[in-house]
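Structure data follow from work-v8.txt (compact mmCIF, C-alpha atoms and all ligand atoms):
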```txt
# COMPACT_ATOMS: atom_id res chain seq x y z
CA MET A 1 -96.77 169.61 157.82
CA SER A 2 -96.70 173.26 156.99
CA ASP A 3 -94.51 174.95 154.45
CA LYS A 4 -95.43 178.41 155.71
CA THR A 5 -92.51 180.72 156.32
CA ILE A 6 -92.11 183.77 158.55
CA ARG A 7 -89.31 186.17 157.64
CA LEU A 8 -87.74 188.32 160.35
CA ARG A 9 -86.65 191.94 160.14
CA LYS A 10 -82.97 192.67 159.75
CA GLY A 11 -81.01 191.84 162.92
CA LYS A 12 -84.00 190.22 164.62
CA GLU A 13 -82.48 186.74 164.28
CA GLU A 14 -80.03 187.54 167.08
CA SER A 15 -82.12 186.33 170.00
CA LEU A 16 -82.92 183.05 168.22
CA GLU A 17 -79.24 182.57 167.51
CA ARG A 18 -78.75 182.94 171.27
CA PHE A 19 -81.32 180.13 171.67
CA HIS A 20 -84.13 182.22 173.11
CA PRO A 21 -87.28 180.30 172.10
CA TRP A 22 -89.69 183.16 171.29
CA VAL A 23 -90.25 185.39 168.27
CA PHE A 24 -92.05 188.62 169.16
CA SER A 25 -94.57 189.99 166.68
CA GLY A 26 -92.51 193.18 166.25
CA ALA A 27 -89.61 191.14 164.86
CA ILE A 28 -91.61 189.86 161.89
CA GLU A 29 -91.07 191.35 158.44
CA SER A 30 -93.46 189.15 156.49
CA MET A 31 -95.66 186.10 156.79
CA PRO A 32 -98.10 184.33 154.49
CA GLU A 33 -101.67 185.60 154.38
CA ASP A 34 -103.14 182.17 154.96
CA ILE A 35 -101.26 181.65 158.24
CA ASP A 36 -103.45 180.24 161.03
CA GLU A 37 -103.01 180.09 164.77
CA GLY A 38 -101.31 176.85 165.74
CA ASP A 39 -99.55 176.41 162.39
CA ILE A 40 -96.05 174.98 162.39
CA VAL A 41 -93.97 177.59 160.60
CA ASN A 42 -90.42 177.90 159.33
CA VAL A 43 -88.68 180.97 160.70
CA VAL A 44 -86.01 182.53 158.49
CA SER A 45 -83.68 185.48 158.94
CA HIS A 46 -83.97 188.56 156.74
CA SER A 47 -81.44 187.03 154.39
CA GLY A 48 -83.41 183.76 154.21
CA ALA A 49 -81.36 181.47 156.48
CA LEU A 50 -83.49 178.90 158.30
CA LEU A 51 -83.53 179.56 162.07
CA GLY A 52 -85.87 176.70 162.96
CA LYS A 53 -89.53 175.77 163.25
CA GLY A 54 -92.15 176.79 165.74
CA HIS A 55 -95.83 177.22 166.57
CA TYR A 56 -97.44 180.43 165.35
CA GLN A 57 -100.03 182.32 167.38
CA ILE A 58 -101.59 185.76 167.46
CA GLY A 59 -100.18 187.95 170.22
CA SER A 60 -96.99 189.60 171.31
CA ILE A 61 -95.21 186.22 171.36
CA ALA A 62 -95.88 185.24 167.75
CA VAL A 63 -93.80 182.07 167.46
CA ARG A 64 -92.72 179.61 170.13
CA MET A 65 -89.73 177.78 168.69
CA LEU A 66 -89.66 173.98 168.69
CA THR A 67 -86.50 173.27 166.69
CA SER A 68 -83.43 175.20 165.61
CA ASP A 69 -83.13 173.25 162.36
CA ASN A 70 -85.23 171.49 159.75
CA THR A 71 -86.30 168.51 161.94
CA PRO A 72 -89.96 167.73 161.21
CA VAL A 73 -92.36 168.41 164.08
CA ASP A 74 -94.23 165.11 164.06
CA GLU A 75 -94.93 162.18 166.36
CA ALA A 76 -91.26 161.13 166.34
CA PHE A 77 -90.33 164.67 167.41
CA TYR A 78 -92.71 164.60 170.41
CA THR A 79 -91.67 161.05 171.31
CA SER A 80 -88.03 162.08 171.38
CA ARG A 81 -88.63 165.23 173.48
CA LEU A 82 -90.81 163.30 175.95
CA GLU A 83 -88.27 160.49 176.28
CA HIS A 84 -85.60 163.08 176.93
CA ALA A 85 -87.75 164.67 179.64
CA TRP A 86 -88.55 161.25 181.12
CA SER A 87 -84.92 160.21 181.32
CA LEU A 88 -84.01 163.45 183.13
CA ARG A 89 -86.68 162.77 185.79
CA ARG A 90 -85.45 159.19 186.07
CA ASN A 91 -81.89 160.40 186.58
CA LEU A 92 -83.14 162.83 189.21
CA GLY A 93 -84.64 159.90 191.13
CA LEU A 94 -88.17 161.20 190.80
CA ILE A 95 -89.63 158.09 189.19
CA ASN A 96 -89.25 155.71 192.10
CA GLY A 97 -92.62 154.14 192.75
CA LYS A 98 -95.71 153.37 190.73
CA GLU A 99 -97.51 156.37 192.22
CA SER A 100 -94.76 158.99 191.82
CA ALA A 101 -95.90 162.58 191.32
CA PHE A 102 -93.65 164.84 189.27
CA ARG A 103 -93.60 167.33 186.40
CA LEU A 104 -92.59 165.66 183.15
CA VAL A 105 -92.75 168.68 180.87
CA HIS A 106 -92.12 172.24 182.00
CA GLY A 107 -92.60 174.18 178.77
CA GLU A 108 -89.48 175.92 177.52
CA GLY A 109 -87.48 174.22 180.29
CA ASP A 110 -88.06 170.94 178.43
CA PHE A 111 -87.81 172.44 174.93
CA LEU A 112 -91.57 172.17 174.48
CA PRO A 113 -92.85 175.75 174.74
CA GLY A 114 -96.56 175.97 175.51
CA LEU A 115 -96.82 172.51 177.07
CA VAL A 116 -97.07 171.39 180.69
CA ILE A 117 -97.45 167.75 181.76
CA ASP A 118 -97.67 166.53 185.34
CA ILE A 119 -97.58 162.82 186.15
CA TYR A 120 -99.58 161.29 189.01
CA GLY A 121 -98.81 157.58 188.95
CA LYS A 122 -100.45 156.13 185.85
CA THR A 123 -102.18 159.37 184.91
CA ALA A 124 -100.71 162.28 182.97
CA VAL A 125 -102.42 165.65 183.24
CA MET A 126 -101.62 167.78 180.22
CA GLN A 127 -102.10 171.53 179.71
CA ALA A 128 -101.66 173.36 176.43
CA HIS A 129 -100.81 177.05 176.66
CA SER A 130 -100.61 177.58 172.90
CA PRO A 131 -102.93 176.72 170.00
CA GLY A 132 -100.13 174.71 168.39
CA MET A 133 -99.88 172.40 171.41
CA HIS A 134 -103.68 172.14 171.48
CA PHE A 135 -103.68 170.83 167.91
CA ALA A 136 -100.85 168.42 168.75
CA ARG A 137 -102.63 167.05 171.85
CA ASN A 138 -103.53 163.67 170.40
CA ILE A 139 -100.09 162.82 169.06
CA ILE A 140 -98.53 164.02 172.33
CA ALA A 141 -100.93 161.79 174.30
CA LYS A 142 -100.07 158.82 172.10
CA ALA A 143 -96.35 159.49 172.53
CA LEU A 144 -96.85 159.70 176.31
CA THR A 145 -98.43 156.28 176.54
CA ALA A 146 -95.56 154.77 174.53
CA ILE A 147 -92.97 155.69 177.20
CA GLU A 148 -91.50 152.67 179.04
CA ASN A 149 -93.85 150.22 177.35
CA GLY A 150 -97.05 151.89 178.41
CA ARG A 151 -96.48 152.90 182.02
CA ILE A 152 -98.85 155.84 181.60
CA LYS A 153 -102.39 154.55 181.10
CA ASN A 154 -104.50 157.69 181.28
CA VAL A 155 -104.06 161.13 179.74
CA TYR A 156 -106.33 163.88 181.02
CA TYR A 157 -106.35 167.01 178.87
CA LYS A 158 -107.03 170.16 180.89
CA SER A 159 -106.68 173.35 178.89
CA GLU A 160 -109.98 175.17 179.32
CA THR A 161 -108.31 177.93 181.30
CA THR A 162 -104.79 177.88 179.86
CA LEU A 163 -105.36 178.50 176.16
CA PRO A 164 -105.68 182.04 174.83
CA TYR A 165 -109.33 182.89 175.17
CA LYS A 166 -109.45 184.78 171.88
CA ALA A 167 -108.32 181.75 169.90
CA SER A 168 -111.85 180.28 170.35
CA LEU A 169 -110.54 176.74 170.42
CA ASP A 170 -113.21 175.59 172.84
CA PRO A 171 -111.02 172.90 174.43
CA GLN A 172 -112.94 170.42 176.56
CA ASN A 173 -111.35 169.14 179.74
CA GLN A 174 -111.43 165.38 179.21
CA TYR A 175 -109.53 162.10 179.12
CA ILE A 176 -107.96 161.73 175.68
CA ILE A 177 -106.71 158.26 176.56
CA GLY A 178 -107.98 155.94 179.30
CA GLY A 179 -110.12 157.19 182.16
CA PHE A 180 -110.19 157.57 185.92
CA ASP A 181 -108.63 154.81 188.03
CA THR A 182 -106.99 156.14 191.18
CA ASP A 183 -106.34 159.66 192.37
CA VAL A 184 -103.72 158.81 194.98
CA ALA A 185 -100.18 159.87 194.17
CA GLU A 186 -97.03 159.65 196.26
CA GLU A 187 -94.36 162.18 197.13
CA ASN A 188 -91.38 161.31 199.33
CA GLY A 189 -93.35 158.44 200.86
CA LEU A 190 -96.40 160.58 201.67
CA LYS A 191 -99.74 160.02 199.96
CA PHE A 192 -101.87 162.71 198.36
CA ARG A 193 -105.28 162.67 196.74
CA VAL A 194 -104.99 164.68 193.54
CA ASP A 195 -108.16 166.16 192.11
CA TRP A 196 -107.21 166.98 188.52
CA LEU A 197 -110.88 167.11 187.54
CA LYS A 198 -111.89 169.96 189.82
CA GLY A 199 -108.65 171.11 191.48
CA GLN A 200 -106.53 174.12 190.53
CA LYS A 201 -103.97 173.84 187.73
CA THR A 202 -103.19 170.13 187.23
CA GLY A 203 -104.54 169.30 190.70
CA PHE A 204 -101.42 169.42 192.88
CA PHE A 205 -98.46 171.74 193.25
CA VAL A 206 -95.50 169.44 192.66
CA ASP A 207 -93.28 172.51 192.49
CA GLN A 208 -93.14 172.78 196.30
CA ARG A 209 -91.80 169.24 196.82
CA ASP A 210 -88.26 170.21 197.89
CA ASN A 211 -89.50 173.13 199.97
CA ARG A 212 -91.96 170.87 201.78
CA SER A 213 -89.04 168.55 202.63
CA MET A 214 -87.18 171.55 203.96
CA LEU A 215 -90.18 172.43 206.13
CA GLU A 216 -90.29 168.91 207.53
CA ARG A 217 -86.75 169.43 208.86
CA PHE A 218 -87.78 172.59 210.72
CA SER A 219 -91.06 171.26 212.16
CA LYS A 220 -90.12 169.27 215.26
CA GLY A 221 -91.94 170.56 218.31
CA ARG A 222 -93.20 173.65 216.51
CA LYS A 223 -96.65 175.16 216.21
CA VAL A 224 -97.15 175.42 212.46
CA LEU A 225 -99.48 177.67 210.50
CA ASN A 226 -99.81 176.65 206.83
CA MET A 227 -101.42 179.65 205.19
CA PHE A 228 -102.85 179.14 201.65
CA CYS A 229 -102.69 175.40 202.27
CA TYR A 230 -104.62 174.21 199.15
CA THR A 231 -104.23 170.39 199.32
CA GLY A 232 -102.27 170.58 202.57
CA GLY A 233 -98.88 169.60 201.18
CA PHE A 234 -96.83 171.56 203.71
CA SER A 235 -99.13 170.44 206.55
CA VAL A 236 -98.62 166.73 205.86
CA TYR A 237 -94.83 167.18 205.86
CA ALA A 238 -94.98 169.24 209.07
CA MET A 239 -96.96 166.42 210.73
CA ARG A 240 -94.34 163.86 209.72
CA GLY A 241 -91.62 166.24 210.91
CA GLY A 242 -93.03 166.09 214.44
CA ALA A 243 -94.87 169.40 214.73
CA GLU A 244 -96.66 169.95 218.03
CA LYS A 245 -99.70 171.26 216.17
CA VAL A 246 -100.56 172.23 212.59
CA VAL A 247 -103.24 174.67 211.48
CA SER A 248 -104.04 174.78 207.75
CA VAL A 249 -105.85 177.82 206.39
CA ASP A 250 -107.33 178.48 202.96
CA SER A 251 -110.23 180.66 201.82
CA SER A 252 -111.61 177.82 199.72
CA GLU A 253 -113.84 175.24 201.46
CA LYS A 254 -112.90 172.76 198.74
CA ALA A 255 -109.19 173.20 199.58
CA ILE A 256 -109.94 172.64 203.26
CA SER A 257 -111.69 169.36 202.57
CA LEU A 258 -108.81 168.24 200.31
CA THR A 259 -106.37 169.07 203.12
CA GLU A 260 -108.42 167.14 205.66
CA ALA A 261 -108.58 164.15 203.33
CA ASN A 262 -104.79 164.19 202.88
CA ILE A 263 -104.13 164.43 206.61
CA ALA A 264 -106.51 161.52 207.20
CA LEU A 265 -104.80 159.50 204.46
CA ASN A 266 -101.38 159.84 206.12
CA PHE A 267 -102.18 160.40 209.81
CA PRO A 268 -105.61 158.92 210.53
CA GLY A 269 -107.02 160.03 213.86
CA ASP A 270 -104.13 162.39 214.60
CA THR A 271 -105.51 165.29 216.62
CA ARG A 272 -102.56 167.65 216.09
CA HIS A 273 -104.16 169.01 212.89
CA GLU A 274 -106.90 171.56 212.43
CA ALA A 275 -108.18 173.12 209.17
CA VAL A 276 -109.87 176.50 208.88
CA ALA A 277 -111.65 178.05 205.90
CA GLU A 278 -110.83 181.75 206.21
CA ASP A 279 -109.30 184.65 204.34
CA ALA A 280 -105.56 184.92 205.02
CA PHE A 281 -105.57 188.60 205.93
CA LYS A 282 -108.54 188.17 208.27
CA TYR A 283 -107.01 185.13 209.96
CA LEU A 284 -103.63 186.81 210.48
CA SER A 285 -105.24 190.00 211.81
CA ALA A 286 -107.38 188.12 214.31
CA MET A 287 -104.79 185.62 215.57
CA PRO A 288 -103.08 186.40 218.89
CA ALA A 289 -99.38 187.27 218.63
CA GLY A 290 -97.10 184.34 219.39
CA SER A 291 -99.64 181.63 218.45
CA PHE A 292 -97.23 180.06 215.94
CA ASP A 293 -93.48 179.68 215.67
CA LEU A 294 -93.42 178.30 212.11
CA ILE A 295 -95.50 179.98 209.42
CA VAL A 296 -95.79 179.16 205.71
CA LEU A 297 -97.06 181.81 203.31
CA ASP A 298 -97.59 180.37 199.85
CA PRO A 299 -100.18 182.61 198.21
CA PRO A 300 -101.45 182.41 194.63
CA ALA A 301 -99.62 184.59 192.09
CA PHE A 302 -100.38 188.19 193.08
CA ALA A 303 -99.09 189.48 189.71
CA LYS A 304 -100.34 187.52 186.73
CA HIS A 305 -99.13 190.28 184.36
CA ARG A 306 -96.48 192.99 184.33
CA SER A 307 -99.11 195.69 184.80
CA ALA A 308 -99.97 194.27 188.21
CA ILE A 309 -96.44 194.28 189.66
CA ARG A 310 -96.73 197.37 191.87
CA ASN A 311 -99.93 196.25 193.53
CA ALA A 312 -98.62 192.74 193.88
CA LEU A 313 -95.48 193.95 195.67
CA ARG A 314 -97.64 195.94 198.07
CA GLY A 315 -99.71 192.79 198.64
CA TYR A 316 -96.62 190.71 199.44
CA GLN A 317 -95.40 193.40 201.81
CA ARG A 318 -98.72 193.62 203.63
CA LEU A 319 -99.11 189.86 203.94
CA ASN A 320 -95.57 189.27 205.15
CA ALA A 321 -95.73 192.17 207.62
CA LYS A 322 -98.80 190.60 209.24
CA ALA A 323 -97.09 187.24 209.69
CA ILE A 324 -93.76 188.70 210.83
CA GLU A 325 -95.47 190.94 213.36
CA LYS A 326 -97.32 188.00 214.94
CA ILE A 327 -94.82 185.12 214.77
CA ALA A 328 -93.39 183.96 218.14
CA PRO A 329 -89.81 185.01 218.98
CA GLY A 330 -87.36 182.52 217.45
CA GLY A 331 -89.95 181.81 214.76
CA ILE A 332 -89.33 180.55 211.25
CA LEU A 333 -91.15 181.96 208.24
CA PHE A 334 -91.31 180.18 204.89
CA THR A 335 -92.49 182.85 202.46
CA PHE A 336 -93.05 182.39 198.73
CA SER A 337 -94.01 184.12 195.52
CA CYS A 338 -94.96 182.14 192.43
CA SER A 339 -95.54 185.25 190.29
CA GLN A 340 -93.42 184.87 187.19
CA ALA A 341 -93.60 188.63 186.57
CA ILE A 342 -91.87 189.39 189.88
CA THR A 343 -88.12 188.88 190.19
CA LYS A 344 -86.47 187.39 193.25
CA GLU A 345 -84.89 190.77 193.97
CA GLN A 346 -88.29 192.51 193.91
CA PHE A 347 -89.79 189.86 196.15
CA ARG A 348 -86.92 190.07 198.59
CA LEU A 349 -87.30 193.85 198.70
CA ALA A 350 -91.02 193.50 199.48
CA VAL A 351 -90.18 191.10 202.34
CA PHE A 352 -87.41 193.45 203.51
CA SER A 353 -89.94 196.30 203.69
CA ALA A 354 -92.31 194.06 205.65
CA CYS A 355 -89.53 193.24 208.14
CA ALA A 356 -88.54 196.89 208.51
CA GLN A 357 -92.14 197.83 209.15
CA THR A 358 -92.33 195.42 212.12
CA ARG A 359 -88.86 196.46 213.38
CA ARG A 360 -88.02 192.84 214.25
CA LYS A 361 -84.57 191.34 213.89
CA VAL A 362 -84.72 189.07 210.84
CA ARG A 363 -82.17 186.89 209.11
CA ILE A 364 -82.36 184.88 205.88
CA LEU A 365 -81.54 181.22 206.54
CA HIS A 366 -82.20 179.80 203.07
CA GLN A 367 -83.25 180.99 199.63
CA LEU A 368 -85.63 178.68 197.84
CA THR A 369 -86.68 178.08 194.27
CA GLN A 370 -88.45 175.59 192.02
CA PRO A 371 -87.32 171.95 191.93
CA ALA A 372 -85.32 170.16 189.24
CA ASP A 373 -88.40 168.83 187.43
CA HIS A 374 -89.22 172.49 186.67
CA PRO A 375 -85.92 173.21 184.89
CA VAL A 376 -85.08 176.67 183.62
CA ASN A 377 -83.65 176.81 180.12
CA ILE A 378 -80.65 179.09 180.67
CA TYR A 379 -81.46 180.95 177.44
CA HIS A 380 -85.02 181.55 178.69
CA PRO A 381 -84.71 183.10 182.17
CA GLU A 382 -88.47 183.83 182.08
CA GLY A 383 -88.95 180.16 183.04
CA GLU A 384 -87.87 180.89 186.61
CA TYR A 385 -90.96 181.76 188.63
CA LEU A 386 -90.95 180.28 192.13
CA LYS A 387 -88.93 182.03 194.82
CA GLY A 388 -88.95 181.71 198.55
CA LEU A 389 -87.11 182.72 201.69
CA ILE A 390 -86.73 180.97 205.01
CA LEU A 391 -86.43 183.66 207.66
CA TYR A 392 -85.41 183.49 211.30
CA ILE A 393 -87.31 186.06 213.28
CA GLU A 394 -86.20 187.11 216.78
N1 LIG B 1 -99.31 175.90 199.35
C1 LIG B 1 -100.11 175.12 198.42
C2 LIG B 1 -100.45 175.87 197.15
C3 LIG B 1 -101.16 177.18 197.36
S1 LIG B 1 -102.12 177.68 196.01
C4 LIG B 1 -99.40 173.80 198.11
O1 LIG B 1 -98.27 173.55 198.57
O2 LIG B 1 -99.99 172.99 197.41
C5 LIG B 1 -102.90 179.09 196.62
C6 LIG B 1 -104.09 178.84 197.56
O3 LIG B 1 -104.46 180.09 198.11
C7 LIG B 1 -105.35 178.31 196.88
O4 LIG B 1 -105.73 177.09 197.47
C8 LIG B 1 -106.42 179.38 197.13
O5 LIG B 1 -107.70 178.85 197.44
C9 LIG B 1 -105.86 180.11 198.34
N2 LIG B 1 -106.26 181.51 198.50
C10 LIG B 1 -106.39 182.45 197.55
N3 LIG B 1 -106.70 183.64 198.11
C11 LIG B 1 -106.74 183.45 199.44
C12 LIG B 1 -107.00 184.31 200.58
N4 LIG B 1 -107.25 185.60 200.41
N5 LIG B 1 -106.94 183.76 201.79
C13 LIG B 1 -106.69 182.45 201.98
N6 LIG B 1 -106.45 181.61 200.96
C14 LIG B 1 -106.48 182.09 199.72
```

If you convert what's in this file into C-alpha cells, what do you get?
Ligand code: SAH
Amino acid sequence: MSDKTIRLRKGKEESLERFHPWVFSGAIESMPEDIDEGDIVNVVSHSGALLGKGHYQIGSIAVRMLTSDNTPVDEAFYTSRLEHAWSLRRNLGLINGKESAFRLVHGEGDFLPGLVIDIYGKTAVMQAHSPGMHFARNIIAKALTAIENGRIKNVYYKSETTLPYKASLDPQNQYIIGGFDTDVAEENGLKFRVDWLKGQKTGFFVDQRDNRSMLERFSKGRKVLNMFCYTGGFSVYAMRGGAEKVVSVDSSEKAISLTEANIALNFPGDTRHEAVAEDAFKYLSAMPAGSFDLIVLDPPAFAKHRSAIRNALRGYQRLNAKAIEKIAPGGILFTFSCSQAITKEQFRLAVFSACAQTRRKVRILHQLTQPADHPVNIYHPEGEYLKGLILYIE
C-alpha cells in the first residue's frame, strides 16, 4: 500500500467531486519525487481534503481514480468490484449457460478504470490499459476465480498491445491461472470459436451482440453482405434469420477462416454462405449494383486519436457512400463506428454526407449503441464509443 499523495491545484478538485474518474497532469500541483508508474496514490484537494485513491501513470491522464474515499485498494477491493460487475451481468440475463460470452469489466463503466475483462465460458481474458492494473493482475485473477465458487477456471492475460508502450512493462500474453481447455463460447444460442491467443482484442467482439440480434430480425429472404466480418458474428445471425445468401468479407485471411469455422459450427454444409478475403473498398467498387439488399459495415476504428478525426470522417463518408450507392432499392444498411474519438453526431453527419452524395432517399430506422455489459458511467461520457444506424434506402 502506498502512502504517496498527489495535491491538486486550486479548483481542480471540481471534476472529481462530480465523479469524473480522471486527473489530468495539468491539474497537479505537487507529487512526491519517488512516485512510480502504477503506484496507488492518495489524491487531495489544494486544501488537503482527501478526494480518493487511484493509479498513477505518466501521460495526460495522470491518475485513474479507483475510490472516492479512503478504502484500501487490495484484494478485497477487487473482489467487491468484480462481484458487483458479475451480479449486474447476472441481472441482465447474460450469464445463462456454461459457455456464455459477455464483458464482465468495462473499465470506468464498472468503476475499474484501465481494466477490461471478457468472459468466454470458463475462461476470462483480461486486458490492462494502465500500469496500475498490470501490477494488480495477479490479485485480480485470483479474485476472478473466487466468483461463484470457482466458475472461472482460466485467466488469460493479454496486454502486450494495450499497455502504454513507454512504460516498458514488457507484459507477456499468457495464462496467469489455468490453461487452454475449450475455445467455444455461446451467444444467444449460437456457438463461436474464440481465438484469444491470436485474435484481435480479446478474441471476439461481444459488443455487437444486441446489434447482431437486430440484424437477425431483418435477414429473412435477404441477400446479406457482411463487410469487415472478422469472426463472422453478423453472418451467423443472418443465416439463422433466414437470409437467402450471406457473403462475408474481410481483408484478413485469418478472419475469413475464423468466419468459415463459425458458419460450419452452426450451419454445417449450408451452401448459402460464402467468404471472401478482400479489401472493403475494392470489393464494394467491383460489386455490381443491386447485388445485396442488406449490408453491414462494421469497420475497425478509423480514428484512434483526436488528431485523426477529420480523416476518419472522410473515410466513413467514402465507405458509406460506396455501400449506399450499390445497395438494392428497399435495402437495409447497418453502419457502425467504434471510434471513441468520434461522436454520434459526427458519425451521423458523415453518413448524411454519404447519402447526399448518392442522392438516394434514405431514412433512419434505428439508432444503435453498445450493449448493457459495456455500461457507460454517466459521469464519464468518454466511455460511450459504439454507434450505429440502421438505414432504409429506396
Ligand atoms: N464485425 C466484426 C468486427 C469487425 S473488426 C464482428 O462483429 O465481430 C474489424 C475487421 O475489419 C477486422 O477483422 C479487420 O481484419 C477488418 N479490416 C480492416 N481493414 C479492412 C479493409 N480495408 N477491408 C476489409 N476488412 C478490413

| task | Could you tell me, counting all atoms listed in the file, which protein and nucleic acid residues lie no more than 6 Å from ligand LIG 1 (chain B), written as a list of chain:residue names? | result |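 Written in the requested form, the residues are A:Phe204, A:Phe205, A:Gln208, A:Phe228, A:Cys229, A:Tyr230, A:Thr231, A:Gly233, A:Phe234, A:Asp250, A:Ser251, A:Ser252, A:Ala255, A:Glu278, A:Asp279, A:Ala280, A:Asp298, A:Pro299, A:Pro300.
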
Keeping C-alpha atoms, export the residues of the selection given above as a PDB file, keeping the file's coordinate frame.
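Final output, saved to part04.pdb:
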```
ATOM      1  CA  PHE A 204    -101.420 169.420 192.880  1.00  0.00           C
ATOM      2  CA  PHE A 205     -98.460 171.740 193.250  1.00  0.00           C
ATOM      3  CA  GLN A 208     -93.140 172.780 196.300  1.00  0.00           C
ATOM      4  CA  PHE A 228    -102.850 179.140 201.650  1.00  0.00           C
ATOM      5  CA  CYS A 229    -102.690 175.400 202.270  1.00  0.00           C
ATOM      6  CA  TYR A 230    -104.620 174.210 199.150  1.00  0.00           C
ATOM      7  CA  THR A 231    -104.230 170.390 199.320  1.00  0.00           C
ATOM      8  CA  GLY A 233     -98.880 169.600 201.180  1.00  0.00           C
ATOM      9  CA  PHE A 234     -96.830 171.560 203.710  1.00  0.00           C
ATOM     10  CA  ASP A 250    -107.330 178.480 202.960  1.00  0.00           C
ATOM     11  CA  SER A 251    -110.230 180.660 201.820  1.00  0.00           C
ATOM     12  CA  SER A 252    -111.610 177.820 199.720  1.00  0.00           C
ATOM     13  CA  ALA A 255    -109.190 173.200 199.580  1.00  0.00           C
ATOM     14  CA  GLU A 278    -110.830 181.750 206.210  1.00  0.00           C
ATOM     15  CA  ASP A 279    -109.300 184.650 204.340  1.00  0.00           C
ATOM     16  CA  ALA A 280    -105.560 184.920 205.020  1.00  0.00           C
ATOM     17  CA  ASP A 298     -97.590 180.370 199.850  1.00  0.00           C
ATOM     18  CA  PRO A 299    -100.180 182.610 198.210  1.00  0.00           C
ATOM     19  CA  PRO A 300    -101.450 182.410 194.630  1.00  0.00           C
TER      20      PRO A 300
END
```

Please tabulate, as a Markdown table, the residues of range 61-121 of chain A that come within 9 Å of range 381-393 of chain A, each with its closest pair of atoms and the distance in Å to one decimal, counting all atoms listed in the file and ordering rows by chain, then residue number upward.
```
| residue | atom | partner | partner_atom | distance |
| --- | --- | --- | --- | --- |
| A:His106 | CA | A:Gly383 | CA | 8.6 |
| A:Gly107 | CA | A:Gly383 | CA | 8.2 |
| A:Glu108 | CA | A:Gly383 | CA | 7.0 |
| A:Gly109 | CA | A:Gly383 | CA | 6.7 |
```

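Comparing the minimum interatomic distances between Ala372 in chain A and each of A:Phe102, A:Phe281, A:Tyr78, A:Phe24, counting all atoms listed in the file, we find that A:Phe102 sits nearest.
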
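Minimum atom-to-atom distances from A:Gly330, A:Trp22, A:Gly48, A:Phe302 to Phe111 in chain A were compared using all atoms listed in the file, and the lowest value belongs to A:Trp22.
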
Select from range 175-228 of chain A every residue with an atom at most 9 Å from any atom of range 117-140 of chain A, then for each give the shortest pair of atoms and their distance in Å to one decimal, using all atoms listed in the file, rows by chain and rising number, as a Markdown table.
```
| residue | atom | partner | partner_atom | distance |
| --- | --- | --- | --- | --- |
| A:Tyr175 | CA | A:Val125 | CA | 9.0 |
| A:Ile176 | CA | A:Asn138 | CA | 7.2 |
| A:Ile177 | CA | A:Asn138 | CA | 8.8 |
| A:Gly178 | CA | A:Thr123 | CA | 8.8 |
| A:Gly179 | CA | A:Thr123 | CA | 8.7 |
| A:Phe180 | CA | A:Thr123 | CA | 8.3 |
| A:Asp181 | CA | A:Thr123 | CA | 8.5 |
| A:Thr182 | CA | A:Lys122 | CA | 8.4 |
| A:Asp183 | CA | A:Tyr120 | CA | 7.7 |
| A:Val184 | CA | A:Tyr120 | CA | 7.7 |
| A:Ala185 | CA | A:Tyr120 | CA | 5.4 |
| A:Glu186 | CA | A:Gly121 | CA | 7.8 |
| A:Val194 | CA | A:Tyr120 | CA | 7.8 |
| A:Trp196 | CA | A:Val125 | CA | 7.3 |
| A:Lys201 | CA | A:Gln127 | CA | 8.6 |
| A:Thr202 | CA | A:Val125 | CA | 6.0 |
| A:Gly203 | CA | A:Val125 | CA | 8.6 |
| A:Phe204 | CA | A:Asp118 | CA | 8.9 |
| A:Val206 | CA | A:Asp118 | CA | 8.2 |
```

| field | A:Ala264, A:Ile295, A:Ile327, A:Ile364 ranked by distance to Val247 in chain A, top pick (using all atoms listed in the file) | value |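 Going through A:Ala264, A:Ile295, A:Ile327, A:Ile364 one by one, the smallest distance to Val247 in chain A is for A:Ile295.
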